[in-house]
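Here is the structure we will look at.
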Amino acid sequence: MIVVMKLPKVYEAGQYESDIYALWEKSGAFTADPHSTKEHFSISMPPPNETGTLHIGHALFVTLQDILARNARAKGKDVLWLPGTDHAALPVNALIEKQLTDEGTNKHEIGREAFLERTRAFVGNSRDTINTQIRAMGASVDWTRSRYTLDESLNRTVNEVFVKMYNDGLIYRGNRIVNWDPNLETNVSDDEVVYKEEQGKFYTFHYGPFQIGTARPETKFGDKYVVMHPDDERYAQYNHGDQFQAEWINGPVTATVIKDESVDPAFGTGVMTITPWHDQTDFDIAERHGLDKQQIIDFHGKLLPIAKEFAGMPIHEARPKIVEKLESKGLLVSVDENYAHNVALNDRGKGVIEPQIRLQWFIDVNKPAVDWKGEKLTLKQTMQRVITDSDIEIIPKRFEKVYFHWIDNLRDWCISRQIWWGHRVPVWYRTNIDGKTETYAGLQPPTDTSEGWHDWEQDPDTLDTWFSSAMWTWSTLIDQNLAKDPSLSLEDLLEKSIDFKTYHPTTVLETGWDILFFWVARMILVTTYATGQVPFKHVYLHGLVRTENGRKMSKSSPETIIDPMEVIPEYGTDALRLALIQGMSAGNDQRVGRTKILTNRNFCNKLWNIARFIEDTIGDNPDREGAKPISAADHWIVGKLDEAQTKISNDLDKYRFSEAYDTLYHFIWDDFADWYIEASKVEPNKPLLAYLLESVLLLTHPFAPFVTETIWQTLAWEADSILASRELKDIIDHDKKSAADFTEIQAIVSETRFILKALKASGVTLYYNDAPFIWENAGTIKRLARLQDVTETEEGTGVYLTSTKHRSWLDIDARTAQAYLKELQIKQGQQAAAITQLENRLGNENYVKNAPREVVDETKQQLQDAKDLLATLEQETQRFAIMPTE
RNA sequence: GGGUGAUUAGCUCAGUUGGCUAGAGCAUCUCGUUUACACCGAGAGGGUCGGGGGUUCGAAUCCCUCAUCACCCACCA
């Protein structure tokens, strides 16, 4: 193992990290124990794409979750942090299809089985990469429970839930408008559509007696309805259902007038024609009035025979030609060249979305079918109730509003996809010779073979990845062996799986706000329905990591990307982790650059050198028994440790990562290193130093696991001891009054340093008279203030300290000291101003009457202190005035 | 069109239910190699908390309003 006899001067993270991780993994420190009597704590790691590589966003979530997990262990809990990977249906499918295209073939030619075979081989090769990289981040996950979204047990779960929903009438098959991507030849959910603003042309055409506007003339072949608002005065003469003849692209058509309130009279001419097959709004209008729907564009994005001479053309090619034809027929009224409109794109692959009507599987979000707290609720209502009832708390709270808004706009969820990579829809069909069709939903096809019926065939579609991801918190906890037993129901599986019983609901879900809808909301939807439990009690949403200039890191400009795998060897994982949480707050984006990582690398090095110093001071095999504070500094630092440990614990309980780290940082650097270690050089309290180092390592471990564990292993104070599986140490007894003495020493030291600095004096002696406190602490004061000496004497001249009541002065000659008069006067002015302010406050009788007593008492004390200080300052100034200037 | 967030030191940001003379890191300036660390130490300067109004004994914090920036949702033929 890591045996470094003497700690080198600089901490070189790269030398230790992989060994340290191997040590942890081998020790079983991260393996959860459902039989433990300890309190259980569980997190599901959002599964990264199996073909992905670690980026800064992964680094952030690993860091946050790892801090929570390690902190929970340090506080004596049994922790399950479950890792896994996602099959990432759409991107992987698209990638394989692209490979096939490049090879001059396609998925239909090679067939479904060969396609899946090939895909499995491909993902099998790349899955290890991401897991290795997650290890590099120090993730204390339970690898023995690692899951993959296409695991057999997870597939079983997905199918069970589908069938349950089908039987409850929550899943139905219907012809609806979907977001069709002609490139990938699949539909995608509403949330996967992104809009890009483009400058286009807006055409106005004559259409019978009307003028109609459109940005998409190529969809207009089948238009035979004109729609207007019922209250539009301009068209009052036309009645709903009136018919008229109009000359159109390919000759005359008979059109019908439809009155519908969805039309905005202020837009264009207030009249439009509709294309129900290729537009959601038009589809809705057609549904309301029972109108015909006709497909104009095929599923490859080309025009159908209805377009006559334009048939077979891709839309971008057909559009100008159609306009030309209409113009030649005298039907073109005008063209607006500067029409800004939004183009719908598939978020994955950026293919242009063409709305199409297709027969798809949907989840009905408005049907009361969920048993929740004794009520029958719809999926939508359940999703709302778990938040309003505080079964789930979203951090930061403002996202609850965003969440509710999303639910208000939520339509039925289309869960079928026309790709092959994924969980296949567990539905079978068969037809008979009369063309009748039967449908069956189940894990296996029915075995009966009736006369006159063809064999059962499975639906070719697969399920939306998010449908399976939605079960992630609990499908991963189902016993994999039990899941092989077909005689068990879903309820049985849950009831008999000890991990599910122990670790669900999970304690917290930590993820980015950008997948609140995709994932978080859908986990709530599916999990409450299927298990009767919420998936997690808390949701912590982090922000995006941006570049130092505040821009989004993007693949198109690689120079803006901070690649964790590049940073780690250079600065260490801990430095990256600390940089990611410093100044980060929930739900807000943050900027991270090299300087921030560098700063935190320095912090790790600081910790390293603290350990070096302590090891040098107390020796290789130190006496660690009976550590107790003796000096004022000892009491003070134990008190500070106590404060820091308590505050960090409270902050982490509330997911205030940044504040917890800030407290830790300043405790270690300012209090422990700059004050305590310096003070301890006078007379080291060896057992206490050992205790403090151990406590500090344990306290820091969740934030910076590698450097702390490396130090601990190098110290080798205990055989086979691993920091990662140890609990925080109890704070030993300490005395507040002694601790206060040290703050008095700090005041004396600080003032002395300030004076010496201001006067550029060195080699100065501090004299005191009738001041036993200074006598007792002379050594410490001398060392910390870098004085020549601290000596008792008769009254003398020099610069008197004003920050302490213990009578003492610096032996500085009058002429040099004269320069300090200015500083004294400034201080005097400040105190006078403070006194005025405090007196005004206390003079306000409403303040004294209304403010809490402790606040008022505090103010009184402040006033008294300020007055005392001012008196001292005045006395000093006075003395300076009469001091001979030589 | 609807909504959310941000605006605090030169830069990047904290600031929990209103309550110390508003904080940190980086940067700047001065001094310093003192046997843990120059990936260091000591000290300093720097903010009317975006503008305006209100509530309150008291506001960076709560309310109203305006401005600028960012983002989310919906999507218009």
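Identifiers in this document derive from the order of the structure tokens: chains are assigned A, B, ..., residues are numbered from 1 separately in each chain, and ligands are numbered from 1 in order of occurrence.
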
Closest contacts (chain B/chain A, max 7 Å, only C-alpha atoms (C1' of nucleotides)) as a tab-separated table:
```
residue	atom	partner	partner_atom	distance
B:C13	C1'	A:Gly583	CA	5.7
B:A14	C1'	A:Gly583	CA	5.9
B:G19	C1'	A:Val855	CA	6.7
B:A36	C1'	A:Phe613	CA	4.1
B:C37	C1'	A:Asn609	CA	5.3
B:C39	C1'	A:Asn602	CA	4.6
B:G43	C1'	A:Phe754	CA	6.5
B:C57	C1'	A:Tyr847	CA	3.6
B:A77	C1'	A:Met272	CA	5.7
```

Give me, as a PyMOL selection string, the residues of stretch 368-488 of chain A that a backbone DSSP run labels helix (DSSP H, G or I). chain A and resi 379-388+398-408+465-469+472-475+482-484

Within 12 Å of B:U65 using only C-alpha atoms (C1' of nucleotides), minus same-chain residues under 4 positions, as an mmCIF file with N, CA and C atoms (P, O5', C5', C4', C3', O3' and C1' of nucleotides), in the first residue's frame:
```cif
data_model
loop_
_atom_site.group_PDB
_atom_site.id
_atom_site.type_symbol
_atom_site.label_atom_id
_atom_site.label_comp_id
_atom_site.auth_asym_id
_atom_site.auth_seq_id
_atom_site.Cartn_x
_atom_site.Cartn_y
_atom_site.Cartn_z
ATOM 1 P P G B 51 -28.748 51.203 -6.018
ATOM 2 O "O5'" G B 51 -29.777 52.015 -6.929
ATOM 3 C "C5'" G B 51 -29.299 53.011 -7.830
ATOM 4 C "C4'" G B 51 -30.458 53.711 -8.477
ATOM 5 C "C3'" G B 51 -31.561 54.165 -7.532
ATOM 6 O "O3'" G B 51 -31.239 55.379 -6.877
ATOM 7 C "C1'" G B 51 -32.532 53.084 -9.383
ATOM 8 P P G B 52 -31.808 55.612 -5.386
ATOM 9 O "O5'" G B 52 -33.374 55.721 -5.628
ATOM 10 C "C5'" G B 52 -33.922 56.852 -6.306
ATOM 11 C "C4'" G B 52 -35.411 56.693 -6.467
ATOM 12 C "C3'" G B 52 -36.195 56.461 -5.184
ATOM 13 O "O3'" G B 52 -36.407 57.647 -4.449
ATOM 14 C "C1'" G B 52 -36.926 54.937 -6.824
ATOM 15 P P G B 53 -36.592 57.536 -2.851
ATOM 16 O "O5'" G B 53 -37.987 56.802 -2.701
ATOM 17 C "C5'" G B 53 -39.197 57.540 -2.880
ATOM 18 C "C4'" G B 53 -40.377 56.609 -2.881
ATOM 19 C "C3'" G B 53 -40.733 55.961 -1.553
ATOM 20 O "O3'" G B 53 -41.400 56.843 -0.666
ATOM 21 C "C1'" G B 53 -40.818 54.338 -3.239
ATOM 22 P P G B 54 -41.156 56.688 0.927
ATOM 23 O "O5'" G B 54 -41.929 55.333 1.253
ATOM 24 C "C5'" G B 54 -43.337 55.282 1.119
ATOM 25 C "C4'" G B 54 -43.828 53.870 1.277
ATOM 26 C "C3'" G B 54 -43.674 53.254 2.657
ATOM 27 O "O3'" G B 54 -44.669 53.691 3.544
ATOM 28 C "C1'" G B 54 -43.042 51.674 1.005
#
```

List every residue of stretch 127-227 of chain A that DSSP, applied to the backbone of this structure, assigns to strand (DSSP E), and report them as a PyMOL selection string. chain A and resi 147-148+171-181+186-188+193-207+210-214+225-227

Pull N, CA and C atoms from the residues just selected and write them as a compact mmCIF listing (two decimals), in the first residue's frame.
```
# COMPACT_ATOMS: atom_id res chain seq x y z
N ARG A 147 -26.25 -1.00 -11.50
CA ARG A 147 -27.32 -1.46 -12.39
C ARG A 147 -27.24 -0.76 -13.75
N TYR A 148 -27.91 -1.40 -14.69
CA TYR A 148 -27.94 -0.91 -16.06
C TYR A 148 -29.41 -0.89 -16.47
N ILE A 171 -52.82 3.43 -19.78
CA ILE A 171 -52.08 3.44 -21.03
C ILE A 171 -53.05 3.10 -22.16
N TYR A 172 -53.04 3.92 -23.18
CA TYR A 172 -53.93 3.64 -24.31
C TYR A 172 -53.16 3.86 -25.60
N ARG A 173 -53.71 3.32 -26.68
CA ARG A 173 -53.10 3.48 -27.99
C ARG A 173 -54.02 4.35 -28.82
N GLY A 174 -53.47 5.35 -29.46
CA GLY A 174 -54.35 6.24 -30.21
C GLY A 174 -53.63 6.98 -31.31
N ASN A 175 -54.43 7.48 -32.24
CA ASN A 175 -53.89 8.30 -33.31
C ASN A 175 -53.81 9.74 -32.82
N ARG A 176 -52.64 10.20 -32.62
CA ARG A 176 -52.47 11.56 -32.12
C ARG A 176 -51.34 12.22 -32.87
N ILE A 177 -51.32 13.52 -32.79
CA ILE A 177 -50.19 14.27 -33.33
C ILE A 177 -48.96 13.99 -32.47
N VAL A 178 -47.89 13.61 -33.11
CA VAL A 178 -46.65 13.42 -32.37
C VAL A 178 -45.56 14.28 -33.02
N ASN A 179 -44.48 14.45 -32.27
CA ASN A 179 -43.34 15.20 -32.81
C ASN A 179 -42.47 14.21 -33.58
N TRP A 180 -42.62 14.23 -34.87
CA TRP A 180 -41.94 13.22 -35.69
C TRP A 180 -40.62 13.79 -36.20
N ASP A 181 -39.57 12.99 -36.00
CA ASP A 181 -38.26 13.38 -36.52
C ASP A 181 -37.98 12.53 -37.76
N THR A 186 -38.37 8.61 -35.81
CA THR A 186 -39.07 8.28 -34.58
C THR A 186 -39.76 9.54 -34.09
N ASN A 187 -40.69 9.34 -33.16
CA ASN A 187 -41.27 10.53 -32.56
C ASN A 187 -40.57 10.78 -31.23
N VAL A 188 -40.66 11.99 -30.76
CA VAL A 188 -40.05 12.33 -29.47
C VAL A 188 -41.08 13.06 -28.63
N VAL A 193 -38.40 18.47 -27.55
CA VAL A 193 -38.40 19.40 -28.67
C VAL A 193 -37.82 20.73 -28.23
N VAL A 194 -36.90 21.25 -29.01
CA VAL A 194 -36.36 22.59 -28.73
C VAL A 194 -36.71 23.50 -29.91
N TYR A 195 -36.81 24.76 -29.63
CA TYR A 195 -37.18 25.70 -30.68
C TYR A 195 -36.02 26.63 -31.01
N LYS A 196 -35.86 26.87 -32.28
CA LYS A 196 -34.81 27.77 -32.71
C LYS A 196 -35.46 28.86 -33.55
N GLU A 197 -35.14 30.10 -33.21
CA GLU A 197 -35.77 31.18 -33.99
C GLU A 197 -35.05 31.34 -35.31
N GLU A 198 -35.86 31.44 -36.36
CA GLU A 198 -35.29 31.61 -37.69
C GLU A 198 -36.02 32.72 -38.43
N GLN A 199 -35.27 33.37 -39.31
CA GLN A 199 -35.87 34.39 -40.15
C GLN A 199 -36.43 33.66 -41.37
N GLY A 200 -37.73 33.83 -41.62
CA GLY A 200 -38.31 33.13 -42.76
C GLY A 200 -39.22 34.06 -43.55
N LYS A 201 -39.98 33.47 -44.44
CA LYS A 201 -40.92 34.27 -45.24
C LYS A 201 -42.33 33.92 -44.82
N PHE A 202 -43.16 34.94 -44.80
CA PHE A 202 -44.57 34.73 -44.47
C PHE A 202 -45.40 35.14 -45.69
N TYR A 203 -46.11 34.17 -46.24
CA TYR A 203 -46.85 34.42 -47.48
C TYR A 203 -48.32 34.66 -47.20
N THR A 204 -48.92 35.56 -47.98
CA THR A 204 -50.38 35.72 -47.93
C THR A 204 -50.94 35.37 -49.30
N PHE A 205 -51.95 34.50 -49.30
CA PHE A 205 -52.56 34.04 -50.56
C PHE A 205 -54.04 34.34 -50.58
N HIS A 206 -54.55 34.45 -51.82
CA HIS A 206 -56.01 34.48 -51.98
C HIS A 206 -56.51 33.06 -51.82
N TYR A 207 -57.60 32.94 -51.09
CA TYR A 207 -58.22 31.63 -50.93
C TYR A 207 -59.73 31.87 -50.98
N PHE A 210 -61.31 34.89 -49.24
CA PHE A 210 -60.47 35.25 -48.10
C PHE A 210 -59.01 35.42 -48.50
N GLN A 211 -58.27 36.00 -47.57
CA GLN A 211 -56.81 35.98 -47.69
C GLN A 211 -56.28 35.21 -46.48
N ILE A 212 -55.40 34.27 -46.76
CA ILE A 212 -54.88 33.47 -45.66
C ILE A 212 -53.35 33.56 -45.65
N GLY A 213 -52.80 33.49 -44.44
CA GLY A 213 -51.35 33.60 -44.32
C GLY A 213 -50.74 32.26 -43.96
N THR A 214 -49.50 32.05 -44.38
CA THR A 214 -48.81 30.84 -43.99
C THR A 214 -47.30 31.00 -44.16
N TYR A 225 -60.58 23.79 -45.19
CA TYR A 225 -61.37 24.49 -44.18
C TYR A 225 -60.75 25.87 -43.95
N VAL A 226 -61.60 26.88 -43.86
CA VAL A 226 -61.10 28.19 -43.41
C VAL A 226 -61.67 28.43 -42.03
N VAL A 227 -60.81 28.87 -41.14
CA VAL A 227 -61.24 29.03 -39.76
C VAL A 227 -61.11 30.48 -39.34
```

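Take atom C1' of B:U7 and atom CA of A:His542: the distance between them is 20.8 Å.
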
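Considering only C-alpha atoms, the residue among A:Glu39, A:Glu876, A:Glu375, A:Glu261 positioned nearest to A:Thr797 is A:Glu876.
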
Which residues are close to stretch 68-77 of chain A, i.e. within 10 Å by only C-alpha atoms (C1' of nucleotides), leaving aside same-chain residues fewer than 3 positions away? Reply as a count of residues only. 42

Which distance in Å separates atom CA of A:Met565 and atom CA of A:Leu54, to one decimal? 7.5 Å
